[in-house]
file model-v5.tsv (TSV, C-alpha atoms and all ligand atoms)
chain	number	residue	atom	x	y	z
A	71	MET	CA	11.04	17.52	-5.73
A	72	CYS	CA	9.46	19.65	-3.07
A	73	LEU	CA	11.24	19.86	0.24
A	74	PRO	CA	9.49	20.34	3.55
A	75	LYS	CA	10.16	23.49	5.51
A	76	GLN	CA	12.17	22.28	8.43
A	77	MET	CA	14.65	20.54	6.18
A	78	GLY	CA	15.15	23.56	3.95
A	79	LYS	CA	17.14	25.27	6.68
A	80	SER	CA	20.12	22.98	6.33
A	81	LYS	CA	22.44	24.22	3.61
A	82	ASP	CA	23.53	20.72	2.69
A	83	ASP	CA	22.05	20.20	-0.77
A	84	GLY	CA	22.10	16.42	-0.69
A	85	ASN	CA	19.71	16.20	2.24
A	86	PHE	CA	15.93	16.22	2.24
A	87	ALA	CA	13.24	14.68	4.40
A	88	ASN	CA	12.81	10.93	4.15
A	89	LYS	CA	15.89	10.53	2.04
A	90	GLU	CA	16.52	7.07	3.47
A	91	ALA	CA	12.99	6.02	2.63
A	92	TYR	CA	13.35	7.23	-0.95
A	93	GLN	CA	16.60	5.35	-1.26
A	94	ARG	CA	14.95	2.25	0.09
A	95	ILE	CA	12.05	2.56	-2.32
A	96	ASN	CA	14.52	2.97	-5.14
A	97	PHE	CA	16.44	-0.10	-4.06
A	98	LEU	CA	13.32	-2.24	-3.66
A	99	TYR	CA	12.04	-1.24	-7.08
A	100	GLN	CA	15.32	-2.24	-8.68
A	101	ALA	CA	15.46	-5.46	-6.67
A	102	ALA	CA	11.97	-6.32	-7.90
A	103	TYR	CA	13.05	-5.74	-11.49
A	104	LEU	CA	16.10	-7.88	-10.92
A	105	SER	CA	14.13	-10.79	-9.53
A	106	LEU	CA	11.66	-10.51	-12.40
A	107	THR	CA	14.39	-10.71	-15.02
A	108	ARG	CA	16.17	-13.45	-13.08
A	109	SER	CA	13.24	-15.83	-12.96
A	110	PRO	CA	10.14	-14.91	-14.95
A	111	ALA	CA	8.57	-18.16	-13.76
A	112	ASP	CA	8.75	-17.42	-10.05
A	113	LEU	CA	7.42	-13.94	-9.37
A	114	SER	CA	6.97	-14.26	-5.63
A	115	LEU	CA	10.03	-12.18	-4.71
A	116	CYS	CA	9.11	-9.48	-7.21
A	117	LYS	CA	5.68	-9.25	-5.61
A	118	PHE	CA	7.16	-9.27	-2.13
A	119	TYR	CA	9.54	-6.39	-2.78
A	120	ILE	CA	6.89	-4.29	-4.48
A	121	ASN	CA	4.53	-4.98	-1.60
A	122	ILE	CA	7.10	-3.70	0.91
A	123	MET	CA	7.71	-0.67	-1.27
A	124	LYS	CA	3.99	0.04	-1.36
A	125	THR	CA	3.64	-0.27	2.41
A	126	ILE	CA	6.58	2.03	3.09
A	127	ALA	CA	5.19	4.67	0.75
A	128	LYS	CA	1.81	4.29	2.39
A	129	ARG	CA	3.05	4.50	5.94
A	130	LEU	CA	5.27	7.52	5.36
A	131	VAL	CA	2.75	9.18	2.99
A	132	LEU	CA	5.18	9.53	0.12
A	133	ARG	CA	4.06	10.00	-3.45
A	134	LEU	CA	5.34	7.51	-5.96
A	135	HIS	CA	6.03	8.88	-9.42
A	136	PRO	CA	3.23	7.93	-11.84
A	137	SER	CA	5.63	6.03	-14.08
A	138	MET	CA	6.45	3.89	-11.05
A	139	LYS	CA	2.96	3.63	-9.68
A	140	ARG	CA	1.48	2.59	-13.01
A	141	ASN	CA	4.15	-0.01	-13.49
A	142	PHE	CA	2.90	-2.55	-10.98
A	143	CYS	CA	-0.35	-4.40	-10.47
A	144	ARG	CA	-2.54	-2.96	-7.80
A	145	ARG	CA	-3.92	-6.31	-6.79
A	146	CYS	CA	-1.04	-8.76	-6.74
A	147	CYS	CA	1.90	-6.32	-6.71
A	148	VAL	CA	3.67	-7.80	-9.73
A	149	LEU	CA	5.68	-5.52	-12.00
A	150	LEU	CA	3.84	-5.08	-15.28
A	151	VAL	CA	6.26	-5.74	-18.13
A	152	PRO	CA	4.48	-5.98	-21.48
A	153	GLY	CA	4.89	-9.46	-22.91
A	154	VAL	CA	6.21	-10.98	-19.70
A	155	SER	CA	3.66	-10.28	-17.00
A	156	ALA	CA	1.15	-8.05	-18.79
A	157	THR	CA	-0.61	-7.50	-22.10
A	158	VAL	CA	-1.26	-4.05	-23.54
A	159	ARG	CA	-4.23	-3.61	-25.87
A	160	THR	CA	-5.96	-0.58	-27.28
A	161	THR	CA	-9.73	-0.76	-27.49
A	162	GLY	CA	-12.87	1.28	-27.15
A	163	LYS	CA	-15.80	2.06	-29.42
A	164	ARG	CA	-17.04	5.04	-27.49
A	165	GLU	CA	-13.75	6.41	-26.29
A	166	LYS	CA	-10.34	5.06	-27.21
A	167	HIS	CA	-8.29	3.73	-24.33
A	168	THR	CA	-5.46	1.40	-23.45
A	169	VAL	CA	-6.11	-1.71	-21.38
A	170	ILE	CA	-3.24	-3.28	-19.46
A	171	THR	CA	-4.03	-6.75	-18.15
A	172	CYS	CA	-1.97	-8.38	-15.44
A	173	LEU	CA	-1.28	-11.95	-16.51
A	174	GLU	CA	-0.88	-13.10	-12.92
A	175	CYS	CA	-4.27	-12.17	-11.55
A	176	LYS	CA	-6.08	-10.83	-14.66
A	177	ASN	CA	-6.58	-7.46	-13.08
A	178	ILE	CA	-6.97	-4.63	-15.59
A	179	LYS	CA	-5.95	-1.00	-15.73
A	180	ARG	CA	-7.55	1.43	-18.15
A	181	TYR	CA	-6.01	4.62	-19.42
A	182	LEU	CA	-8.03	7.02	-21.55
A	183	TRP	CA	-6.47	8.81	-24.48
A	184	ARG	CA	-7.70	12.24	-23.48
A	185	GLU	CA	-5.50	14.95	-24.84
A	186	SER	CA	-6.63	17.41	-22.20
A	187	HIS	CA	-5.56	15.08	-19.41
A	188	LYS	CA	-2.13	15.83	-18.06
A	189	LEU	CA	-0.43	14.24	-15.10
A	190	TRP	CA	0.34	16.37	-12.10
A	191	ALA	CA	4.00	15.45	-12.38
A	192	ASP	CA	4.06	16.72	-15.97
A	193	HIS	CA	3.33	20.29	-14.90
A	194	PRO	CA	6.75	21.69	-13.99
A	195	GLU	CA	5.19	25.04	-13.15
A	196	LEU	CA	3.18	23.46	-10.33
A	197	TRP	CA	6.24	22.17	-8.55
A	198	LEU	CA	7.37	24.13	-5.58
A	199	LYS	CA	10.78	25.67	-5.97
A	200	ARG	CA	13.39	25.30	-3.30
A	201	GLU	CA	13.35	29.01	-2.43
A	202	GLU	CA	9.58	28.97	-1.95
A	203	CYS	CA	9.90	26.14	0.53
A	204	ILE	CA	12.42	27.98	2.63
B	59	MET	CA	-44.96	6.33	18.57
B	60	THR	CA	-48.18	8.17	19.31
B	61	SER	CA	-50.38	7.92	22.33
B	62	PRO	CA	-53.93	9.21	22.70
B	63	LEU	CA	-54.24	12.72	23.96
B	64	PRO	CA	-54.90	13.12	27.64
B	65	ASP	CA	-58.57	13.43	28.64
B	66	HIS	CA	-58.51	17.03	29.60
B	67	VAL	CA	-57.14	17.99	26.22
B	68	ILE	CA	-59.80	16.04	24.32
B	69	LYS	CA	-62.54	17.74	26.35
B	70	HIS	CA	-61.38	21.13	25.20
B	71	SER	CA	-60.24	20.02	21.76
B	72	ALA	CA	-62.82	22.08	19.96
B	73	GLU	CA	-61.77	25.18	21.82
B	74	LEU	CA	-58.11	24.59	21.14
B	75	GLY	CA	-58.69	24.08	17.41
B	76	LEU	CA	-57.01	20.70	17.24
B	77	GLU	CA	-59.45	19.24	14.69
B	78	LYS	CA	-58.49	21.79	12.13
B	79	ASN	CA	-54.84	20.73	12.09
B	80	TRP	CA	-55.65	17.50	10.22
B	81	SER	CA	-56.99	19.28	7.20
B	82	VAL	CA	-54.07	21.67	7.15
B	83	LYS	CA	-51.65	18.78	6.98
B	84	LYS	CA	-53.43	17.13	4.10
B	85	ASP	CA	-53.57	20.34	2.14
B	86	PHE	CA	-49.88	20.78	2.55
B	87	VAL	CA	-49.05	17.35	1.05
B	88	ASP	CA	-51.33	17.95	-1.91
B	89	ALA	CA	-49.90	21.36	-2.55
B	90	PHE	CA	-46.34	20.07	-2.28
B	91	LEU	CA	-46.94	17.30	-4.81
B	92	LYS	CA	-48.69	19.65	-7.22
B	93	ARG	CA	-45.84	22.06	-7.07
B	94	HIS	CA	-43.01	19.59	-7.44
B	95	LEU	CA	-44.23	16.76	-9.67
B	96	PRO	CA	-43.83	17.14	-13.44
B	97	LYS	CA	-47.11	17.89	-15.22
B	98	GLY	CA	-47.16	14.65	-17.21
B	99	ARG	CA	-46.98	12.58	-14.10
B	100	LEU	CA	-49.64	14.63	-12.39
B	101	LEU	CA	-52.06	13.86	-15.23
B	102	LYS	CA	-51.54	10.15	-14.74
B	103	GLY	CA	-52.78	10.56	-11.22
B	104	GLU	CA	-49.41	9.80	-9.70
B	105	ASP	CA	-49.84	12.24	-6.89
B	106	GLU	CA	-52.49	9.94	-5.45
B	107	GLU	CA	-50.17	6.98	-5.84
B	108	ILE	CA	-47.13	8.54	-4.24
B	109	GLN	CA	-48.91	9.19	-1.01
B	110	THR	CA	-49.08	5.48	-0.36
B	111	LYS	CA	-45.75	4.49	-1.91
B	112	TYR	CA	-42.50	3.82	-0.07
B	113	LEU	CA	-39.40	5.50	-1.38
B	114	MET	CA	-35.87	4.65	-0.33
B	115	LEU	CA	-33.99	7.87	0.10
B	116	ASP	CA	-30.48	6.36	0.18
B	117	ASN	CA	-28.93	4.39	-2.65
B	118	THR	CA	-29.09	0.77	-1.61
B	119	GLY	CA	-27.21	-0.67	-4.58
B	120	VAL	CA	-30.03	-3.08	-5.38
B	121	ASN	CA	-30.46	-4.09	-8.98
B	122	LYS	CA	-33.93	-3.04	-10.15
B	123	VAL	CA	-34.38	-5.99	-12.50
B	124	THR	CA	-33.15	-8.94	-10.47
B	125	GLY	CA	-33.51	-7.41	-7.03
B	126	LYS	CA	-30.07	-8.70	-6.09
B	127	LYS	CA	-27.57	-6.65	-4.20
B	128	ARG	CA	-24.35	-6.47	-6.18
B	129	PRO	CA	-21.16	-6.83	-4.16
B	130	ARG	CA	-18.69	-4.02	-4.45
B	131	LYS	CA	-15.55	-5.02	-6.31
B	132	LYS	CA	-12.45	-4.83	-4.21
B	133	LYS	CA	-9.34	-3.49	-5.86
B	134	THR	CA	-6.64	-4.77	-3.56
B	135	LEU	CA	-6.04	-8.04	-1.79
B	136	SER	CA	-6.16	-8.17	1.96
B	137	THR	CA	-3.28	-9.64	3.94
B	138	ARG	CA	-5.21	-12.80	4.62
B	139	GLU	CA	-6.06	-13.26	0.94
B	140	CYS	CA	-2.38	-12.75	0.11
B	141	ARG	CA	-1.48	-15.53	2.47
B	142	ASN	CA	-4.19	-17.89	1.30
B	143	LEU	CA	-3.20	-17.39	-2.33
B	144	LYS	CA	0.46	-17.92	-1.35
B	145	ILE	CA	1.49	-14.93	-3.39
B	146	PHE	CA	4.77	-14.36	-1.60
B	147	LYS	CA	5.76	-17.98	-1.19
B	148	VAL	CA	9.22	-18.63	-2.61
B	149	GLU	CA	9.79	-21.95	-4.29
B	150	LYS	CA	12.35	-24.05	-2.52
B	151	GLU	CA	13.32	-26.27	-5.44
B	152	GLY	CA	15.67	-25.33	-8.25
B	153	GLN	CA	17.10	-22.15	-6.76
B	154	THR	CA	20.79	-21.38	-7.18
B	155	TYR	CA	23.00	-19.17	-5.07
B	156	ASP	CA	24.79	-17.71	-8.09
B	157	SER	CA	21.62	-16.36	-9.65
B	158	TYR	CA	21.09	-14.22	-6.58
B	159	LEU	CA	24.54	-12.64	-6.64
B	160	PRO	CA	23.31	-9.65	-8.72
B	161	LEU	CA	20.87	-8.91	-5.89
B	162	ASN	CA	23.80	-8.83	-3.49
B	163	HIS	CA	25.72	-6.44	-5.76
B	164	LEU	CA	22.67	-4.20	-5.97
B	165	TRP	CA	22.38	-4.22	-2.20
B	166	LEU	CA	26.06	-3.31	-1.79
B	167	LYS	CA	25.57	-0.34	-4.12
B	168	TYR	CA	22.54	0.72	-2.11
B	169	MET	CA	24.51	0.49	1.11
B	170	GLU	CA	27.38	2.47	-0.38
B	171	GLU	CA	24.92	5.21	-1.30
B	172	LEU	CA	23.28	5.13	2.11
B	173	THR	CA	26.27	4.95	4.43
B	174	ASN	CA	29.49	5.42	2.37
B	175	PHE	CA	30.82	2.43	4.24
B	176	ASN	CA	34.21	2.61	2.54
B	177	SER	CA	34.96	5.98	4.04
B	178	PHE	CA	33.20	6.24	7.33
B	179	THR	CA	34.94	6.99	10.58
B	180	PRO	CA	34.12	5.67	14.06
B	181	SER	CA	32.86	9.13	15.03
B	182	LYS	CA	30.00	8.82	12.57
B	183	MET	CA	29.10	5.38	13.85
B	184	SER	CA	25.91	6.23	15.70
B	185	ASN	CA	24.55	8.04	12.65
B	186	VAL	CA	25.30	5.03	10.47
B	187	GLN	CA	23.69	2.68	12.97
B	188	GLN	CA	20.51	4.75	12.96
B	189	ARG	CA	20.42	4.57	9.18
B	190	LEU	CA	21.08	0.87	9.08
B	191	LEU	CA	18.15	0.24	11.39
B	192	LYS	CA	15.81	1.71	8.83
B	193	ALA	CA	17.58	0.26	5.83
B	194	ASP	CA	16.54	-2.71	3.77
B	195	LEU	CA	18.45	-5.93	4.28
B	196	HIS	CA	17.19	-7.92	1.29
B	197	GLY	CA	20.23	-9.08	-0.64
B	198	SER	CA	22.70	-8.91	2.22
B	199	ILE	CA	24.86	-11.88	3.18
B	200	LEU	CA	23.83	-12.91	6.67
B	201	THR	CA	25.55	-15.35	8.97
B	202	VAL	CA	23.98	-16.97	12.00
B	203	GLN	CA	26.47	-16.25	14.75
B	204	LYS	CA	24.69	-17.75	17.72
B	205	SER	CA	21.47	-19.62	18.11
B	206	LYS	CA	19.65	-21.72	20.64
B	207	CYS	CA	19.26	-24.40	18.03
B	208	PRO	CA	22.76	-25.67	17.16
B	209	SER	CA	21.88	-26.70	13.60
B	210	TYR	CA	21.30	-23.05	12.61
B	211	VAL	CA	24.72	-21.87	13.80
B	212	GLY	CA	27.10	-21.04	10.97
B	213	VAL	CA	24.51	-20.87	8.20
B	214	THR	CA	25.52	-18.21	5.67
B	215	GLY	CA	23.44	-17.00	2.78
B	216	ILE	CA	21.84	-14.19	0.82
B	217	LEU	CA	18.71	-12.84	2.47
B	218	LEU	CA	15.78	-13.25	0.12
B	219	GLN	CA	12.76	-12.50	2.25
B	220	GLU	CA	12.31	-10.94	5.63
B	221	THR	CA	9.06	-11.51	7.47
B	222	ARG	CA	8.09	-10.57	10.95
B	223	ASN	CA	9.59	-13.61	12.60
B	224	THR	CA	11.85	-15.23	10.02
B	225	PHE	CA	14.65	-14.67	7.57
B	226	LEU	CA	14.69	-16.67	4.33
B	227	LEU	CA	18.26	-17.37	3.28
B	228	ILE	CA	19.72	-19.12	0.28
B	229	THR	CA	22.98	-20.85	1.15
B	230	LYS	CA	25.98	-21.60	-1.03
B	231	GLU	CA	24.81	-25.20	-1.23
B	232	ASN	CA	21.74	-23.90	-3.12
B	233	LYS	CA	19.43	-24.65	-0.22
B	234	VAL	CA	16.61	-22.31	0.79
B	235	LYS	CA	16.26	-22.09	4.55
B	236	TYR	CA	13.84	-20.36	6.87
B	237	ILE	CA	15.57	-19.17	10.03
B	238	PRO	CA	13.58	-17.77	12.93
B	239	LYS	CA	14.75	-14.43	14.28
B	240	GLN	CA	13.97	-15.38	17.81
B	241	GLN	CA	16.81	-16.81	19.89
B	242	SER	CA	19.41	-16.11	17.21
B	243	VAL	CA	22.13	-13.55	16.57
B	244	PHE	CA	23.02	-12.59	13.01
B	245	THR	CA	25.99	-10.74	11.58
B	246	PHE	CA	26.80	-9.06	8.28
B	247	THR	CA	29.85	-7.16	7.09
B	248	LEU	CA	30.11	-3.80	5.39
B	249	GLY	CA	33.60	-2.84	4.25
B	250	SER	CA	35.85	-3.49	7.21
B	251	TYR	CA	33.09	-3.37	9.81
B	252	GLN	CA	30.94	-6.15	11.13
B	253	PHE	CA	27.40	-5.50	12.31
B	254	THR	CA	25.43	-7.70	14.65
B	255	ILE	CA	21.67	-8.11	14.65
B	256	TYR	CA	19.99	-9.39	17.77
B	257	GLY	CA	17.10	-11.38	16.40
B	258	ASN	CA	15.06	-11.08	19.57
B	259	ASN	CA	14.87	-7.30	19.23
B	260	PHE	CA	14.46	-7.38	15.49
B	261	ARG	CA	11.09	-9.05	15.33
B	262	VAL	CA	9.31	-6.38	13.31
B	263	ARG	CA	7.95	-6.49	9.79
B	264	SER	CA	10.59	-5.03	7.51
B	265	SER	CA	8.23	-2.44	6.07
B	266	GLU	CA	7.32	-1.30	9.55
B	267	ARG	CA	10.92	-0.72	10.47
B	268	ALA	CA	11.04	2.37	8.25
B	269	VAL	CA	8.42	4.07	10.37
B	270	ARG	CA	8.88	2.78	13.87
B	271	LYS	CA	10.97	4.46	16.50
B	272	PHE	CA	13.40	2.22	18.27
B	273	LYS	CA	14.03	2.07	21.94
B	274	SER	CA	17.33	0.82	23.19
B	275	LYS	CA	16.75	-2.39	25.06
B	276	ALA	CA	19.11	-4.33	27.18
B	277	THR	CA	20.16	-7.50	25.42
B	278	VAL	CA	20.29	-10.70	27.34
B	279	ASP	CA	22.86	-13.02	25.94
B	280	PHE	CA	22.42	-16.73	25.93
C	1	ZN	ZN	-1.98	-8.66	-10.82
call {"tool": "encode", "arguments": {"input": "model-v5.tsv", "output": "structure tokens", "more": "lines below"}}
Ligand SMILES: [Zn+2]
result
Amino acid sequence: MCLPKQMGKSKDDGNFANKEAYQRINFLYQAAYLSLTRSPADLSLCKFYINIMKTIAKRLVLRLHPSMKRNFCRRCCVLLVPGVSATVRTTGKREKHTVITCLECKNIKRYLWRESHKLWADHPELWLKREECI
Amino acid sequence: MTSPLPDHVIKHSAELGLEKNWSVKKDFVDAFLKRHLPKGRLLKGEDEEIQTKYLMLDNTGVNKVTGKKRPRKKKTLSTRECRNLKIFKVEKEGQTYDSYLPLNHLWLKYMEELTNFNSFTPSKMSNVQQRLLKADLHGSILTVQKSKCPSYVGVTGILLQETRNTFLLITKENKVKYIPKQQSVFTFTLGSYQFTIYGNNFRVRSSERAVRKFKSKATVDF
């Protein structure tokens, strides 16, 4: 992960900017998963924790990893677990794609199967190295 | 928009060459249309038509067939819609304290990672306090130490939901209780230390706490 300049000065390797916020996001994500597995019938807490996580990331302008960001519903903030709170189907006559439907609010996400498309996080060469930051 | 020319200008209009300007303008429009319209459309006589036709230059989003304006689809819910749909409302019936114990264990692990509470010394206390202010409290075991309302005093439970003005606790008797932050003092323990939360100064949305800067306020005890 890229580190901002002013924090690069400290030699302590375990420290980077917004570490507490990242820890909190991590905790909230796990808490949401826990409350989903605890009671698949009552998803209110799962939604609540994800909503807080989203707001924190928004307020502090932190990037969530795509695997995290794609794993919850944009509309009602529920974690999308295939078979429990979401269905995953592949369709498309013109161009093949995957459709993920949220079972809570019926919101859909579409992902194309383009081979040329690569996520930003999947390019290790684009990441800034620690030395470059300092 | 236009007003008639003043008298003295009209008198000398011929000398000034004002009459000519009209024809120049018309020639320009014709020439422009001839240059820029496709040939097929010119043959249909469209250049005559266009001169009297209104064209909207910005995209108005109006359907050409039905003439109806289509509303833009919103992707996220607003806060008010969230409340009206009761998305975050926790059911009060059929909840058990034991099923929330894993959440408490998860929270303890998170706290251990954040503050190393088993090994911190009093000298690091202010640093730990700063971190705790921005930390998440969902899953902690809170106790109401003092309150203006005597029936709240002594309630202990796992914190499920923190809103701007309330804590939602689940007690050991499997009861879900909303407790207002105002006029109450809460405590929780970490390792061998006990921390106190003054509800009056804690009335912020939990997501906002991560961003906001805190000022030290004098606490008035009751
Ligand atoms: Zn949804």
call {"tool": "residues_around", "arguments": {"input": "model-v5.tsv", "residues": "segment 207-223 of chain B", "least_positions_apart": "5", "cutoff": "7 Å", "atoms": "all atoms listed in the file", "output": "VMD selection string"}}
result
chain B and resid 196 to 202 228 to 230 238 to 239 261 to 264
call {"tool": "interface_residues", "arguments": {"input": "model-v5.tsv", "of": "chain A", "to": "chain B", "cutoff": "8 Å", "atoms": "all atoms listed in the file", "output": "list in words"}}
result
Glu90, Ala91, Gln93, Arg94, Phe97, Ala101, Leu104, Ser105, Arg108, Asp112, Ser114, Leu115, Lys117, Phe118, Ile122, Met123, Thr125, Ile126, Arg129, Leu130, Arg144, Arg145 and Cys146 of chain A
call {"tool": "residues_around", "arguments": {"input": "model-v5.tsv", "residues": "Val154 of chain A", "least_positions_apart": "2", "cutoff": "12 Å", "atoms": "only C-alpha atoms", "output": "list in words"}}
result
Tyr103, Leu106, Thr107, Ser109, Pro110, Ala111, Asp112, Leu113, Val148, Leu149, Leu150, Val151, Pro152, Ala156, Thr157, Val158, Thr171, Cys172, Leu173 and Glu174 of chain A
call {"tool": "atom_distance", "arguments": {"input": "model-v5.tsv", "atom1": "atom CA of Asn121 of chain A", "atom2": "atom CA of His193 of chain A"}}
result
28.6 Å
call {"tool": "atom_distance", "arguments": {"input": "model-v5.tsv", "atom1": "atom CA of Thr173 of chain B", "atom2": "atom CA of Lys89 of chain A"}}
result
12.0 Å
call {"tool": "atom_distance", "arguments": {"input": "model-v5.tsv", "atom1": "atom CA of Ser181 of chain B", "atom2": "atom CA of Ser250 of chain B"}}
result
15.1 Å
call {"tool": "residues_around", "arguments": {"input": "model-v5.tsv", "residues": "segment 255-258 of chain B", "least_positions_apart": "3", "cutoff": "7 Å", "atoms": "all atoms listed in the file", "output": "JSON, numbers by chain"}}
result
{"B": [239, 240, 241, 242, 243, 244, 245, 261]}
call {"tool": "closest_residue", "arguments": {"input": "model-v5.tsv", "among": "A:Leu189, A:Leu98, A:Ala127, A:Leu182", "to": "Arg164 of chain A", "atoms": "only C-alpha atoms"}}
result
A:Leu182
call {"tool": "closest_residue", "arguments": {"input": "model-v5.tsv", "among": "A:Trp197, A:Tyr92, A:Trp190, A:Phe142", "to": "ligand ZN 1 (chain C)", "atoms": "only C-alpha atoms and all ligand atoms"}}
result
A:Phe142
call {"tool": "closest_residue", "arguments": {"input": "model-v5.tsv", "among": "A:Ala87, A:Val169, A:Val131, A:Cys143", "to": "ligand ZN 1 (chain C)", "atoms": "only C-alpha atoms and all ligand atoms"}}
result
A:Cys143
call {"tool": "closest_residue", "arguments": {"input": "model-v5.tsv", "among": "A:Lys128, A:Lys188, A:Ile120, A:Leu196", "to": "ligand ZN 1 (chain C)", "atoms": "all atoms listed in the file"}}
result
A:Ile120
call {"tool": "decode", "arguments": {"input": "model-v5.tsv", "residues": "segment 220-239 of chain B", "atoms": "N, CA and C atoms", "output": "PDB file, in the first residue's frame"}}
result
ATOM      1  N   GLU B 220     -24.741   1.974  17.536  1.00  0.00           N
ATOM      2  CA  GLU B 220     -24.531   3.292  18.118  1.00  0.00           C
ATOM      3  C   GLU B 220     -25.043   4.332  17.150  1.00  0.00           C
ATOM      4  N   THR B 221     -26.027   5.109  17.571  1.00  0.00           N
ATOM      5  CA  THR B 221     -26.508   6.200  16.734  1.00  0.00           C
ATOM      6  C   THR B 221     -26.061   7.504  17.371  1.00  0.00           C
ATOM      7  N   ARG B 222     -26.559   8.583  16.806  1.00  0.00           N
ATOM      8  CA  ARG B 222     -26.074   9.867  17.292  1.00  0.00           C
ATOM      9  C   ARG B 222     -26.427  10.092  18.757  1.00  0.00           C
ATOM     10  N   ASN B 223     -27.610   9.695  19.140  1.00  0.00           N
ATOM     11  CA  ASN B 223     -28.056  10.000  20.496  1.00  0.00           C
ATOM     12  C   ASN B 223     -28.293   8.785  21.379  1.00  0.00           C
ATOM     13  N   THR B 224     -28.176   7.586  20.822  1.00  0.00           N
ATOM     14  CA  THR B 224     -28.488   6.413  21.639  1.00  0.00           C
ATOM     15  C   THR B 224     -27.454   5.308  21.480  1.00  0.00           C
ATOM     16  N   PHE B 225     -27.433   4.444  22.480  1.00  0.00           N
ATOM     17  CA  PHE B 225     -26.739   3.168  22.393  1.00  0.00           C
ATOM     18  C   PHE B 225     -27.812   2.083  22.420  1.00  0.00           C
ATOM     19  N   LEU B 226     -27.625   1.050  21.600  1.00  0.00           N
ATOM     20  CA  LEU B 226     -28.538  -0.102  21.654  1.00  0.00           C
ATOM     21  C   LEU B 226     -27.784  -1.252  22.298  1.00  0.00           C
ATOM     22  N   LEU B 227     -28.228  -1.673  23.470  1.00  0.00           N
ATOM     23  CA  LEU B 227     -27.528  -2.734  24.191  1.00  0.00           C
ATOM     24  C   LEU B 227     -28.394  -3.982  24.233  1.00  0.00           C
ATOM     25  N   ILE B 228     -27.719  -5.140  24.277  1.00  0.00           N
ATOM     26  CA  ILE B 228     -28.449  -6.371  24.569  1.00  0.00           C
ATOM     27  C   ILE B 228     -27.952  -6.873  25.914  1.00  0.00           C
ATOM     28  N   THR B 229     -28.870  -7.051  26.848  1.00  0.00           N
ATOM     29  CA  THR B 229     -28.483  -7.402  28.214  1.00  0.00           C
ATOM     30  C   THR B 229     -28.425  -8.917  28.370  1.00  0.00           C
ATOM     31  N   LYS B 230     -27.910  -9.334  29.528  1.00  0.00           N
ATOM     32  CA  LYS B 230     -27.792 -10.776  29.775  1.00  0.00           C
ATOM     33  C   LYS B 230     -29.151 -11.436  29.900  1.00  0.00           C
ATOM     34  N   GLU B 231     -30.175 -10.644  30.151  1.00  0.00           N
ATOM     35  CA  GLU B 231     -31.536 -11.216  30.243  1.00  0.00           C
ATOM     36  C   GLU B 231     -32.187 -11.276  28.859  1.00  0.00           C
ATOM     37  N   ASN B 232     -31.352 -11.188  27.812  1.00  0.00           N
ATOM     38  CA  ASN B 232     -31.813 -11.247  26.421  1.00  0.00           C
ATOM     39  C   ASN B 232     -32.813 -10.145  26.080  1.00  0.00           C
ATOM     40  N   LYS B 233     -32.625  -8.978  26.687  1.00  0.00           N
ATOM     41  CA  LYS B 233     -33.504  -7.860  26.353  1.00  0.00           C
ATOM     42  C   LYS B 233     -32.712  -6.827  25.557  1.00  0.00           C
ATOM     43  N   VAL B 234     -33.353  -6.272  24.528  1.00  0.00           N
ATOM     44  CA  VAL B 234     -32.709  -5.243  23.708  1.00  0.00           C
ATOM     45  C   VAL B 234     -33.187  -3.889  24.180  1.00  0.00           C
ATOM     46  N   LYS B 235     -32.231  -3.029  24.583  1.00  0.00           N
ATOM     47  CA  LYS B 235     -32.626  -1.762  25.183  1.00  0.00           C
ATOM     48  C   LYS B 235     -31.943  -0.587  24.497  1.00  0.00           C
ATOM     49  N   TYR B 236     -32.737   0.437  24.231  1.00  0.00           N
ATOM     50  CA  TYR B 236     -32.168   1.697  23.740  1.00  0.00           C
ATOM     51  C   TYR B 236     -31.855   2.568  24.945  1.00  0.00           C
ATOM     52  N   ILE B 237     -30.632   3.079  25.013  1.00  0.00           N
ATOM     53  CA  ILE B 237     -30.276   3.952  26.128  1.00  0.00           C
ATOM     54  C   ILE B 237     -29.737   5.268  25.583  1.00  0.00           C
ATOM     55  N   PRO B 238     -30.375   6.371  25.959  1.00  0.00           N
ATOM     56  CA  PRO B 238     -29.909   7.654  25.435  1.00  0.00           C
ATOM     57  C   PRO B 238     -28.537   8.018  26.004  1.00  0.00           C
ATOM     58  N   LYS B 239     -27.719   8.652  25.179  1.00  0.00           N
ATOM     59  CA  LYS B 239     -26.385   9.038  25.635  1.00  0.00           C
ATOM     60  C   LYS B 239     -26.461  10.211  26.590  1.00  0.00           C
TER      61      LYS B 239
END
